[in-house]
file protein-v1.cif (mmCIF, C-alpha atoms)
data_work
#
loop_
_atom_site.group_PDB
_atom_site.id
_atom_site.type_symbol
_atom_site.label_atom_id
_atom_site.label_comp_id
_atom_site.auth_asym_id
_atom_site.auth_seq_id
_atom_site.Cartn_x
_atom_site.Cartn_y
_atom_site.Cartn_z
ATOM 1 C CA MET S 9 0.000 0.000 0.000
ATOM 2 C CA ASN S 10 1.267 3.436 -0.977
ATOM 3 C CA ALA S 11 -0.122 6.618 0.592
ATOM 4 C CA ARG S 12 0.281 10.318 -0.056
ATOM 5 C CA THR S 13 -1.241 13.500 1.328
ATOM 6 C CA VAL S 14 -3.560 15.287 -1.090
ATOM 7 C CA ASN S 15 -5.537 18.522 -1.170
ATOM 8 C CA PHE S 16 -8.808 19.508 -2.792
ATOM 9 C CA PHE S 17 -11.399 22.241 -2.298
ATOM 10 C CA SER S 18 -14.900 22.157 -0.843
ATOM 11 C CA GLU S 19 -16.935 25.277 -1.580
ATOM 12 C CA GLY S 20 -13.688 27.275 -1.623
ATOM 13 C CA THR S 21 -12.226 25.742 1.553
ATOM 14 C CA LYS S 22 -8.935 23.871 1.181
ATOM 15 C CA MET S 23 -9.275 20.285 2.371
ATOM 16 C CA GLU S 24 -6.623 17.748 3.305
ATOM 17 C CA GLY S 25 -6.729 13.995 2.903
ATOM 18 C CA ASP S 26 -4.705 10.843 2.402
ATOM 19 C CA LEU S 27 -4.845 8.851 -0.820
ATOM 20 C CA PHE S 28 -4.030 5.142 -0.584
ATOM 21 C CA LEU S 29 -3.062 3.091 -3.641
ATOM 22 C CA PRO S 30 -2.903 -0.720 -3.643
ATOM 23 C CA SER S 31 0.631 -2.098 -3.625
ATOM 24 C CA ASP S 32 -0.064 -3.965 -6.876
ATOM 25 C CA TYR S 33 -1.358 -0.895 -8.699
ATOM 26 C CA LYS S 34 0.184 -0.465 -12.148
ATOM 27 C CA ALA S 35 0.445 2.841 -14.017
ATOM 28 C CA GLY S 36 -2.439 3.376 -16.396
ATOM 29 C CA GLU S 37 -4.909 1.239 -14.468
ATOM 30 C CA ARG S 38 -8.264 2.650 -13.363
ATOM 31 C CA ARG S 39 -9.404 1.056 -10.137
ATOM 32 C CA PRO S 40 -12.667 1.354 -8.186
ATOM 33 C CA ALA S 41 -12.372 3.826 -5.304
ATOM 34 C CA ILE S 42 -13.840 4.232 -1.817
ATOM 35 C CA VAL S 43 -14.160 7.520 0.090
ATOM 36 C CA LEU S 44 -14.137 7.187 3.898
ATOM 37 C CA CYS S 45 -16.057 9.497 6.277
ATOM 38 C CA HIS S 46 -15.248 9.756 9.971
ATOM 39 C CA GLY S 47 -17.518 10.471 12.911
ATOM 40 C CA PHE S 48 -18.563 13.323 15.188
ATOM 41 C CA THR S 49 -15.626 15.788 15.606
ATOM 42 C CA GLY S 50 -13.271 13.064 14.339
ATOM 43 C CA ILE S 51 -10.101 13.439 12.302
ATOM 44 C CA ARG S 52 -8.812 11.094 9.625
ATOM 45 C CA SER S 53 -5.774 9.981 11.623
ATOM 46 C CA LEU S 54 -8.099 8.142 14.033
ATOM 47 C CA ILE S 55 -9.778 4.872 12.968
ATOM 48 C CA LEU S 56 -10.019 5.509 9.224
ATOM 49 C CA GLY S 57 -6.530 4.237 8.426
ATOM 50 C CA ASP S 58 -7.398 0.764 9.739
ATOM 51 C CA TYR S 59 -10.263 0.448 7.274
ATOM 52 C CA ALA S 60 -8.299 2.076 4.459
ATOM 53 C CA GLN S 61 -5.652 -0.639 4.775
ATOM 54 C CA VAL S 62 -8.233 -3.405 4.432
ATOM 55 C CA PHE S 63 -9.932 -1.846 1.419
ATOM 56 C CA CYS S 64 -6.609 -1.031 -0.209
ATOM 57 C CA ALA S 65 -5.368 -4.592 0.280
ATOM 58 C CA ALA S 66 -8.493 -5.732 -1.577
ATOM 59 C CA GLY S 67 -7.498 -3.624 -4.581
ATOM 60 C CA PHE S 68 -9.402 -0.390 -4.046
ATOM 61 C CA VAL S 69 -8.060 3.148 -4.249
ATOM 62 C CA VAL S 70 -9.034 4.808 -0.955
ATOM 63 C CA LEU S 71 -9.402 8.436 0.131
ATOM 64 C CA THR S 72 -9.656 9.555 3.751
ATOM 65 C CA PHE S 73 -10.089 13.249 4.527
ATOM 66 C CA ASP S 74 -10.788 15.767 7.270
ATOM 67 C CA TYR S 75 -14.036 17.709 7.162
ATOM 68 C CA ARG S 76 -13.720 21.497 7.031
ATOM 69 C CA GLY S 77 -12.680 22.903 10.393
ATOM 70 C CA TYR S 78 -10.984 19.686 11.517
ATOM 71 C CA GLY S 79 -7.556 18.091 11.266
ATOM 72 C CA GLY S 80 -5.516 19.336 8.336
ATOM 73 C CA SER S 81 -8.431 20.933 6.496
ATOM 74 C CA GLU S 82 -8.992 24.665 6.591
ATOM 75 C CA GLY S 83 -12.188 26.415 7.646
ATOM 76 C CA THR S 84 -13.613 27.712 10.919
ATOM 77 C CA ARG S 85 -12.184 25.526 13.659
ATOM 78 C CA ARG S 86 -14.586 22.953 15.097
ATOM 79 C CA ARG S 87 -17.520 24.129 12.989
ATOM 80 C CA LEU S 88 -19.754 21.106 12.455
ATOM 81 C CA ILE S 89 -22.873 21.502 10.324
ATOM 82 C CA PRO S 90 -24.187 18.202 8.914
ATOM 83 C CA LEU S 91 -25.211 19.460 5.476
ATOM 84 C CA GLU S 92 -21.856 21.247 5.089
ATOM 85 C CA GLN S 93 -20.197 17.895 5.735
ATOM 86 C CA ILE S 94 -22.355 16.415 2.985
ATOM 87 C CA ASP S 95 -20.929 19.086 0.660
ATOM 88 C CA ASP S 96 -17.430 18.095 1.791
ATOM 89 C CA ILE S 97 -18.148 14.445 0.977
ATOM 90 C CA ARG S 98 -19.516 15.285 -2.449
ATOM 91 C CA ASN S 99 -16.502 17.455 -3.214
ATOM 92 C CA ALA S 100 -14.224 14.625 -2.095
ATOM 93 C CA ILE S 101 -15.997 12.428 -4.628
ATOM 94 C CA SER S 102 -15.516 15.086 -7.313
ATOM 95 C CA PHE S 103 -11.804 15.153 -6.505
ATOM 96 C CA VAL S 104 -11.559 11.360 -6.699
ATOM 97 C CA GLU S 105 -13.309 11.461 -10.090
ATOM 98 C CA THR S 106 -10.410 13.478 -11.481
ATOM 99 C CA LEU S 107 -7.693 11.026 -10.422
ATOM 100 C CA PRO S 108 -6.051 9.047 -13.233
ATOM 101 C CA GLU S 109 -5.918 5.974 -10.976
ATOM 102 C CA VAL S 110 -9.704 5.878 -10.517
ATOM 103 C CA ASP S 111 -12.589 4.546 -12.586
ATOM 104 C CA SER S 112 -15.092 7.353 -12.005
ATOM 105 C CA ASN S 113 -18.012 4.998 -12.661
ATOM 106 C CA ARG S 114 -17.054 2.810 -9.680
ATOM 107 C CA ILE S 115 -16.929 5.003 -6.579
ATOM 108 C CA GLY S 116 -18.134 3.794 -3.185
ATOM 109 C CA LEU S 117 -18.698 5.587 0.112
ATOM 110 C CA TRP S 118 -18.126 4.328 3.669
ATOM 111 C CA GLY S 119 -18.871 6.123 6.927
ATOM 112 C CA THR S 120 -18.834 5.394 10.642
ATOM 113 C CA SER S 121 -20.824 6.849 13.579
ATOM 114 C CA PHE S 122 -21.844 10.379 12.498
ATOM 115 C CA GLY S 123 -20.263 9.421 9.186
ATOM 116 C CA GLY S 124 -22.566 6.394 9.282
ATOM 117 C CA ALA S 125 -25.406 8.891 8.877
ATOM 118 C CA ASN S 126 -23.540 11.139 6.444
ATOM 119 C CA ALA S 127 -22.658 8.351 4.020
ATOM 120 C CA PRO S 128 -26.255 7.178 3.434
ATOM 121 C CA TYR S 129 -27.432 10.790 3.190
ATOM 122 C CA ALA S 130 -24.790 11.648 0.608
ATOM 123 C CA ALA S 131 -25.637 8.532 -1.396
ATOM 124 C CA GLY S 132 -29.290 9.512 -1.310
ATOM 125 C CA VAL S 133 -28.591 12.833 -3.023
ATOM 126 C CA ASP S 134 -25.579 11.947 -5.202
ATOM 127 C CA THR S 135 -26.009 9.247 -7.832
ATOM 128 C CA ARG S 136 -22.272 9.071 -8.512
ATOM 129 C CA ILE S 137 -21.985 6.888 -5.404
ATOM 130 C CA LYS S 138 -22.515 3.356 -6.686
ATOM 131 C CA ALA S 139 -22.362 1.523 -3.334
ATOM 132 C CA VAL S 140 -22.499 2.771 0.246
ATOM 133 C CA VAL S 141 -21.725 1.299 3.661
ATOM 134 C CA GLY S 142 -22.709 2.927 6.937
ATOM 135 C CA GLN S 143 -21.757 1.536 10.327
ATOM 136 C CA VAL S 144 -22.939 2.392 13.862
ATOM 137 C CA GLY S 145 -24.740 5.490 12.578
ATOM 138 C CA PHE S 146 -28.261 6.919 12.770
ATOM 139 C CA GLY S 147 -31.108 7.885 10.474
ATOM 140 C CA ASP S 148 -32.721 10.808 12.268
ATOM 141 C CA GLY S 149 -30.743 13.513 14.067
ATOM 142 C CA GLU S 150 -33.647 14.378 16.348
ATOM 143 C CA ARG S 151 -33.897 10.823 17.593
ATOM 144 C CA PHE S 152 -30.081 10.601 17.779
ATOM 145 C CA LEU S 153 -29.902 13.483 20.275
ATOM 146 C CA LEU S 154 -33.171 13.051 22.153
ATOM 147 C CA ASP S 155 -33.395 9.293 22.625
ATOM 148 C CA THR S 156 -30.378 9.309 24.972
ATOM 149 C CA ARG S 157 -32.246 11.699 27.309
ATOM 150 C CA ARG S 158 -35.149 11.598 29.737
ATOM 151 C CA PHE S 159 -38.124 13.893 29.113
ATOM 152 C CA GLY S 160 -36.880 16.738 31.301
ATOM 153 C CA GLU S 161 -33.412 16.580 29.752
ATOM 154 C CA ARG S 162 -34.931 16.747 26.282
ATOM 155 C CA GLU S 163 -36.855 19.876 27.226
ATOM 156 C CA GLU S 164 -33.678 21.475 28.611
ATOM 157 C CA LEU S 165 -31.789 20.708 25.406
ATOM 158 C CA LEU S 166 -34.499 22.139 23.169
ATOM 159 C CA GLN S 167 -34.779 25.256 25.326
ATOM 160 C CA ALA S 168 -31.024 25.811 25.159
ATOM 161 C CA VAL S 169 -31.148 25.462 21.353
ATOM 162 C CA ALA S 170 -33.948 28.024 21.123
ATOM 163 C CA GLU S 171 -32.137 30.478 23.394
ATOM 164 C CA ASP S 172 -28.915 30.174 21.428
ATOM 165 C CA ARG S 173 -30.724 30.722 18.132
ATOM 166 C CA CYS S 174 -31.956 34.077 19.489
ATOM 167 C CA ARG S 175 -28.528 34.912 20.904
ATOM 168 C CA ARG S 176 -26.893 34.380 17.502
ATOM 169 C CA ALA S 177 -29.508 36.584 15.845
ATOM 170 C CA VAL S 178 -28.996 39.434 18.327
ATOM 171 C CA GLU S 179 -25.297 39.162 19.196
ATOM 172 C CA GLY S 180 -23.872 37.453 16.105
ATOM 173 C CA VAL S 181 -22.315 34.583 18.016
ATOM 174 C CA GLY S 182 -23.668 31.778 20.162
ATOM 175 C CA LYS S 183 -22.455 29.712 23.087
ATOM 176 C CA ARG S 184 -20.353 26.569 22.925
ATOM 177 C CA LEU S 185 -20.410 23.243 24.750
ATOM 178 C CA ASN S 186 -18.514 20.017 25.183
ATOM 179 C CA PRO S 187 -19.603 17.734 22.318
ATOM 180 C CA PHE S 188 -19.616 14.671 24.522
ATOM 181 C CA ASP S 189 -22.037 16.283 26.946
ATOM 182 C CA ALA S 190 -24.265 16.829 23.924
ATOM 183 C CA LEU S 191 -24.111 13.145 23.028
ATOM 184 C CA ASN S 192 -24.979 12.012 26.576
ATOM 185 C CA SER S 193 -23.588 8.503 26.067
ATOM 186 C CA ALA S 194 -21.802 6.512 28.770
ATOM 187 C CA GLN S 195 -19.957 4.523 26.102
ATOM 188 C CA THR S 196 -18.705 7.752 24.538
ATOM 189 C CA TYR S 197 -17.546 9.198 27.856
ATOM 190 C CA GLY S 198 -15.520 6.058 28.493
ATOM 191 C CA PHE S 199 -13.978 6.065 25.023
ATOM 192 C CA VAL S 200 -12.975 9.727 24.912
ATOM 193 C CA ARG S 201 -11.711 9.783 28.498
ATOM 194 C CA GLU S 202 -8.861 7.545 27.382
ATOM 195 C CA THR S 203 -8.515 8.625 23.755
ATOM 196 C CA LEU S 204 -8.462 12.382 24.461
ATOM 197 C CA LYS S 205 -6.917 12.390 27.912
ATOM 198 C CA ASP S 206 -4.119 14.741 26.806
ATOM 199 C CA VAL S 207 -6.356 17.145 24.845
ATOM 200 C CA ALA S 208 -7.598 20.377 26.431
ATOM 201 C CA PRO S 209 -11.421 20.675 26.556
ATOM 202 C CA SER S 210 -11.218 24.013 24.719
ATOM 203 C CA GLN S 211 -9.835 22.136 21.701
ATOM 204 C CA ILE S 212 -12.922 19.974 21.216
ATOM 205 C CA ASP S 213 -15.885 22.248 21.914
ATOM 206 C CA ILE S 214 -18.739 22.757 19.436
ATOM 207 C CA SER S 215 -21.444 25.366 18.951
ATOM 208 C CA TRP S 216 -25.084 25.086 19.924
ATOM 209 C CA GLU S 217 -25.748 25.667 16.227
ATOM 210 C CA THR S 218 -24.316 22.179 15.673
ATOM 211 C CA ILE S 219 -26.994 20.786 17.973
ATOM 212 C CA GLU S 220 -29.737 22.744 16.232
ATOM 213 C CA LYS S 221 -28.694 21.627 12.747
ATOM 214 C CA THR S 222 -28.254 18.018 13.887
ATOM 215 C CA LEU S 223 -31.796 17.957 15.290
ATOM 216 C CA GLU S 224 -32.999 18.967 11.816
ATOM 217 C CA TYR S 225 -30.776 16.432 9.996
ATOM 218 C CA LYS S 226 -32.696 13.419 8.678
ATOM 219 C CA PRO S 227 -30.952 10.905 6.402
ATOM 220 C CA ILE S 228 -34.121 8.811 6.629
ATOM 221 C CA ASP S 229 -35.856 11.348 4.378
ATOM 222 C CA VAL S 230 -33.572 10.539 1.417
ATOM 223 C CA ILE S 231 -32.635 6.916 2.072
ATOM 224 C CA ASP S 232 -35.142 5.503 -0.430
ATOM 225 C CA ARG S 233 -33.420 7.453 -3.205
ATOM 226 C CA ILE S 234 -30.273 5.311 -3.016
ATOM 227 C CA ALA S 235 -31.868 2.403 -4.896
ATOM 228 C CA PRO S 236 -31.086 0.813 -7.288
ATOM 229 C CA ARG S 237 -27.609 1.465 -5.918
ATOM 230 C CA ALA S 238 -26.489 -0.752 -3.027
ATOM 231 C CA LEU S 239 -26.784 0.041 0.715
ATOM 232 C CA LEU S 240 -25.213 -1.908 3.603
ATOM 233 C CA LEU S 241 -25.854 -0.909 7.215
ATOM 234 C CA ILE S 242 -23.797 -2.416 10.058
ATOM 235 C CA GLY S 243 -25.281 -1.720 13.478
ATOM 236 C CA ALA S 244 -24.293 -2.460 17.075
ATOM 237 C CA ARG S 245 -26.970 -4.188 19.143
ATOM 238 C CA ASP S 246 -25.894 -2.667 22.470
ATOM 239 C CA ASP S 247 -25.043 0.821 21.200
ATOM 240 C CA ASP S 248 -26.150 3.556 23.638
ATOM 241 C CA LEU S 249 -25.157 6.401 21.268
ATOM 242 C CA CYS S 250 -26.481 5.439 17.828
ATOM 243 C CA ARG S 251 -29.215 3.087 18.949
ATOM 244 C CA ILE S 252 -29.923 0.163 16.685
ATOM 245 C CA GLU S 253 -33.545 1.237 16.268
ATOM 246 C CA GLY S 254 -32.298 4.111 14.131
ATOM 247 C CA TYR S 255 -30.660 1.816 11.602
ATOM 248 C CA GLU S 256 -33.628 -0.556 11.699
ATOM 249 C CA LYS S 257 -35.947 2.278 10.679
ATOM 250 C CA LEU S 258 -33.458 3.421 8.042
ATOM 251 C CA TYR S 259 -33.343 -0.099 6.629
ATOM 252 C CA GLU S 260 -37.145 -0.326 6.550
ATOM 253 C CA ARG S 261 -37.368 2.885 4.528
ATOM 254 C CA ALA S 262 -34.586 1.893 2.107
ATOM 255 C CA ARG S 263 -35.175 -0.153 -1.044
ATOM 256 C CA GLU S 264 -33.282 -3.047 -2.617
ATOM 257 C CA PRO S 265 -30.441 -3.850 -2.877
ATOM 258 C CA ARG S 266 -30.042 -3.368 0.865
ATOM 259 C CA LYS S 267 -28.707 -5.303 3.848
ATOM 260 C CA LEU S 268 -28.665 -4.770 7.617
ATOM 261 C CA VAL S 269 -26.181 -6.619 9.823
ATOM 262 C CA VAL S 270 -26.442 -6.268 13.610
ATOM 263 C CA LEU S 271 -23.335 -7.144 15.630
ATOM 264 C CA PRO S 272 -23.613 -8.081 19.367
ATOM 265 C CA ILE S 273 -21.447 -5.159 20.542
ATOM 266 C CA THR S 274 -21.423 -1.619 21.906
ATOM 267 C CA HIS S 275 -20.663 1.466 19.814
ATOM 268 C CA TYR S 276 -16.863 1.607 20.084
ATOM 269 C CA GLU S 277 -16.112 -2.111 20.098
ATOM 270 C CA ILE S 278 -16.376 -2.076 16.317
ATOM 271 C CA TYR S 279 -13.027 -0.276 16.062
ATOM 272 C CA GLY S 280 -10.826 -3.002 17.493
ATOM 273 C CA GLY S 281 -10.017 -6.707 17.531
ATOM 274 C CA LYS S 282 -12.326 -9.189 15.876
ATOM 275 C CA TRP S 283 -15.089 -6.634 15.391
ATOM 276 C CA LEU S 284 -12.816 -4.382 13.357
ATOM 277 C CA ASP S 285 -11.979 -7.468 11.314
ATOM 278 C CA GLU S 286 -15.631 -8.409 10.925
ATOM 279 C CA SER S 287 -16.951 -4.948 10.082
ATOM 280 C CA SER S 288 -14.195 -4.310 7.548
ATOM 281 C CA ARG S 289 -14.756 -7.763 6.019
ATOM 282 C CA LEU S 290 -18.489 -7.128 5.605
ATOM 283 C CA ALA S 291 -17.863 -3.733 4.016
ATOM 284 C CA CYS S 292 -15.126 -5.068 1.761
ATOM 285 C CA GLU S 293 -17.334 -7.892 0.497
ATOM 286 C CA TRP S 294 -20.124 -5.392 -0.227
ATOM 287 C CA PHE S 295 -17.831 -3.164 -2.247
ATOM 288 C CA GLU S 296 -16.340 -6.130 -4.096
ATOM 289 C CA ARG S 297 -19.835 -7.276 -5.013
ATOM 290 C CA PHE S 298 -21.115 -3.929 -6.250
ATOM 291 C CA LEU S 299 -18.021 -2.030 -7.439
ATOM 292 C CA LYS S 300 -15.855 -4.686 -9.082
#
call {"tool": "encode", "arguments": {"input": "protein-v1.cif", "output": "structure tokens"}}
result
Amino acid sequence: MNARTVNFFSEGTKMEGDLFLPSDYKAGERRPAIVLCHGFTGIRSLILGDYAQVFCAAGFVVLTFDYRGYGGSEGTRRRLIPLEQIDDIRNAISFVETLPEVDSNRIGLWGTSFGGANAPYAAGVDTRIKAVVGQVGFGDGERFLLDTRRFGEREELLQAVAEDRCRRAVEGVGKRLNPFDALNSAQTYGFVRETLKDVAPSQIDISWETIEKTLEYKPIDVIDRIAPRALLLIGARDDDLCRIEGYEKLYERAREPRKLVVLPITHYEIYGGKWLDESSRLACEWFERFLK
């Protein structure tokens, strides 16, 4: 596997990514390609490389990238608006289309966690994506944020969103919060406590606008538009962040060819050991079936 850092633009913002070429790639070939999308506030150096290696070993050209505002990409730091990330994904696909190593008629999309919602959404609105895999994601941003809360906590969240919307209109800027408090997931707290133990909280905050726009974000509204292109969803049965009911409803609304696989794990177990092996195998087989 050979990798190099690449740049492209998304709505005028300079983006940074890594392009992986299979070790057996020969000059002049045009291979199928897969674009990888990371999760909530994630950067491409975490998690994505493990999947890129598997897909690359199977013969695919692979692109990982940072959304605007994160990692090596430019843009307002830590700005996270779901539909802007969809634009970033679509521009990543446009960039991949231009590469001499890539067959532009065989481009797939893979996403995990928040990217596991972004990937199906992008495929629903962009017919260039010929096969899509989402894992441990969600189908409805409102349910994603509210289903982890009791009734009173939901009301508090919605009131805070409304107050911040007015603040931004009057003052031009809103308040910020810890993204993991927004998610309200015990599994997430445990994961980030270890992963980000050396990172200052001020380096990972998000705006209340992120919460507002996520509440309005509904991949389920476009999921039926993916067909006749292929959709695979890989869910985690014991996920307390992206609850499996979200993917079940997404699957019900989707049309063939479609597949839902539910693994007996929690949200973050998918990123290591045998579950990394299994999830990457399932995705790789899906792409081999529908892109090669």
call {"tool": "closest_atom_pairs", "arguments": {"input": "protein-v1.cif", "of": "region 30-134 of chain S", "to": "region 178-191 of chain S", "cutoff": "12 Å", "atoms": "all atoms listed in the file", "output": "tab-separated table"}}
result
residue	atom	partner	partner_atom	distance
S:Phe48	CA	S:Pro187	CA	8.4
S:Thr49	CA	S:Pro187	CA	8.0
S:Gly50	CA	S:Pro187	CA	11.2
S:Arg86	CA	S:Pro187	CA	10.2
S:Arg87	CA	S:Arg184	CA	10.6
S:Leu88	CA	S:Pro187	CA	10.4
S:Ser121	CA	S:Leu191	CA	11.8
S:Phe122	CA	S:Leu191	CA	11.1
call {"tool": "residues_around", "arguments": {"input": "protein-v1.cif", "residues": "Ile228 (chain S)", "least_positions_apart": "3", "cutoff": "10 Å", "atoms": "all atoms listed in the file", "output": "list in words"}}
result
Ala125, Pro128, Tyr129, Gly132, Phe146, Gly147, Asp148, Gly149, Tyr225, Ile231, Asp232, Arg233, Gly254, Tyr255, Lys257, Leu258, Tyr259, Glu260, Arg261 and Ala262 of chain S
call {"tool": "residues_around", "arguments": {"input": "protein-v1.cif", "residues": "Ala100 (chain S)", "least_positions_apart": "6", "cutoff": "12 Å", "atoms": "all atoms listed in the file", "output": "number ranges by chain"}}
result
S: 14-19, 21-27, 41-45, 70-76, 93-94, 106-107, 115-117, 130, 136-137
call {"tool": "resolve_selection", "arguments": {"input": "protein-v1.cif", "expression": "the PyMOL selection byres ((chain S and resi 276) around 10)", "output": "CSV table (one decimal) with C-alpha atoms, in the frame of the given file"}}
result
chain,number,residue,atom,x,y,z
S,121,SER,CA,-20.8,6.8,13.6
S,144,VAL,CA,-22.9,2.4,13.9
S,195,GLN,CA,-20.0,4.5,26.1
S,196,THR,CA,-18.7,7.8,24.5
S,198,GLY,CA,-15.5,6.1,28.5
S,199,PHE,CA,-14.0,6.1,25.0
S,244,ALA,CA,-24.3,-2.5,17.1
S,247,ASP,CA,-25.0,0.8,21.2
S,249,LEU,CA,-25.2,6.4,21.3
S,273,ILE,CA,-21.4,-5.2,20.5
S,274,THR,CA,-21.4,-1.6,21.9
S,275,HIS,CA,-20.7,1.5,19.8
S,277,GLU,CA,-16.1,-2.1,20.1
S,278,ILE,CA,-16.4,-2.1,16.3
S,279,TYR,CA,-13.0,-0.3,16.1
S,280,GLY,CA,-10.8,-3.0,17.5
S,283,TRP,CA,-15.1,-6.6,15.4
S,284,LEU,CA,-12.8,-4.4,13.4
call {"tool": "atom_distance", "arguments": {"input": "protein-v1.cif", "atom1": "CA of Arg237 (chain S)", "atom2": "CA of Arg114 (chain S)"}}
result
11.3 Å
call {"tool": "closest_residue", "arguments": {"input": "protein-v1.cif", "among": "S:Gly77, S:Gly36, S:Pro272, S:Pro227", "to": "Phe152 (chain S)", "atoms": "only C-alpha atoms"}}
result
S:Pro227
call {"tool": "resolve_selection", "arguments": {"input": "protein-v1.cif", "expression": "the PyMOL selection byres ((chain S and resi 34) around 12)", "output": "ChimeraX atom specification"}}
result
/S:10,29-33,35-39,67,69,108-110
call {"tool": "write_last_selection", "arguments": {"input": "protein-v1.cif", "atoms": "C-alpha atoms", "output": "short mmCIF file (atom, residue, chain, number, x, y, z; two decimals), keeping the file's coordinate frame"}}
result
data_model
loop_
_atom_site.label_atom_id
_atom_site.label_comp_id
_atom_site.auth_asym_id
_atom_site.auth_seq_id
_atom_site.Cartn_x
_atom_site.Cartn_y
_atom_site.Cartn_z
CA ASN S 10 1.27 3.44 -0.98
CA LEU S 29 -3.06 3.09 -3.64
CA PRO S 30 -2.90 -0.72 -3.64
CA SER S 31 0.63 -2.10 -3.62
CA ASP S 32 -0.06 -3.96 -6.88
CA TYR S 33 -1.36 -0.90 -8.70
CA ALA S 35 0.44 2.84 -14.02
CA GLY S 36 -2.44 3.38 -16.40
CA GLU S 37 -4.91 1.24 -14.47
CA ARG S 38 -8.26 2.65 -13.36
CA ARG S 39 -9.40 1.06 -10.14
CA GLY S 67 -7.50 -3.62 -4.58
CA VAL S 69 -8.06 3.15 -4.25
CA PRO S 108 -6.05 9.05 -13.23
CA GLU S 109 -5.92 5.97 -10.98
CA VAL S 110 -9.70 5.88 -10.52
#
call {"tool": "closest_residue", "arguments": {"input": "protein-v1.cif", "among": "S:Gly57, S:Ala235, S:Ile252, S:Gly47", "to": "Met9 (chain S)", "atoms": "all atoms listed in the file"}}
result
S:Gly57
call {"tool": "atom_distance", "arguments": {"input": "protein-v1.cif", "atom1": "CA of Ile219 (chain S)", "atom2": "CA of Val169 (chain S)"}}
result
7.1 Å
call {"tool": "closest_residue", "arguments": {"input": "protein-v1.cif", "among": "S:Leu240, S:Val104, S:Ile51, S:Leu299", "to": "Val269 (chain S)", "atoms": "all atoms listed in the file"}}
result
S:Leu240
call {"tool": "closest_residue", "arguments": {"input": "protein-v1.cif", "among": "S:Gly20, S:Ala170, S:Pro40, S:Ala66", "to": "Asn99 (chain S)", "atoms": "only C-alpha atoms"}}
result
S:Gly20
call {"tool": "residues_around", "arguments": {"input": "protein-v1.cif", "residues": "Arg289 (chain S)", "least_positions_apart": "3", "cutoff": "12 Å", "atoms": "all atoms listed in the file", "output": "MDAnalysis selection string"}}
result
chainID S and resid 58:63 65:66 141 242 278 282:286 292:296
call {"tool": "resolve_selection", "arguments": {"input": "protein-v1.cif", "expression": "the PyMOL selection byres ((chain S and resi 220) around 10)", "output": "list in words"}}
result
Ile89, Gly149, Glu150, Leu165, Leu166, Ala168, Val169, Ala170, Asp172, Arg173, Ser215, Trp216, Glu217, Thr218, Ile219, Lys221, Thr222, Leu223, Glu224 and Tyr225 of chain S
call {"tool": "closest_residue", "arguments": {"input": "protein-v1.cif", "among": "S:Asp96, S:Ile234, S:Ser287, S:Cys64", "to": "Asp134 (chain S)", "atoms": "all atoms listed in the file"}}
result
S:Ile234
call {"tool": "closest_residue", "arguments": {"input": "protein-v1.cif", "among": "S:Arg251, S:Arg266, S:Arg52, S:Val133", "to": "Gly79 (chain S)", "atoms": "all atoms listed in the file"}}
result
S:Arg52
call {"tool": "axis_aligned_box", "arguments": {"input": "protein-v1.cif", "around": "region 36-51 of chain S", "padding_each_side": "4 Å", "output": "lines of an AutoDock Vina configuration file"}}
result
center_x = -10.5
center_y = 8.4
center_z = -0.4
size_x = 24.1
size_y = 22.7
size_z = 40.0
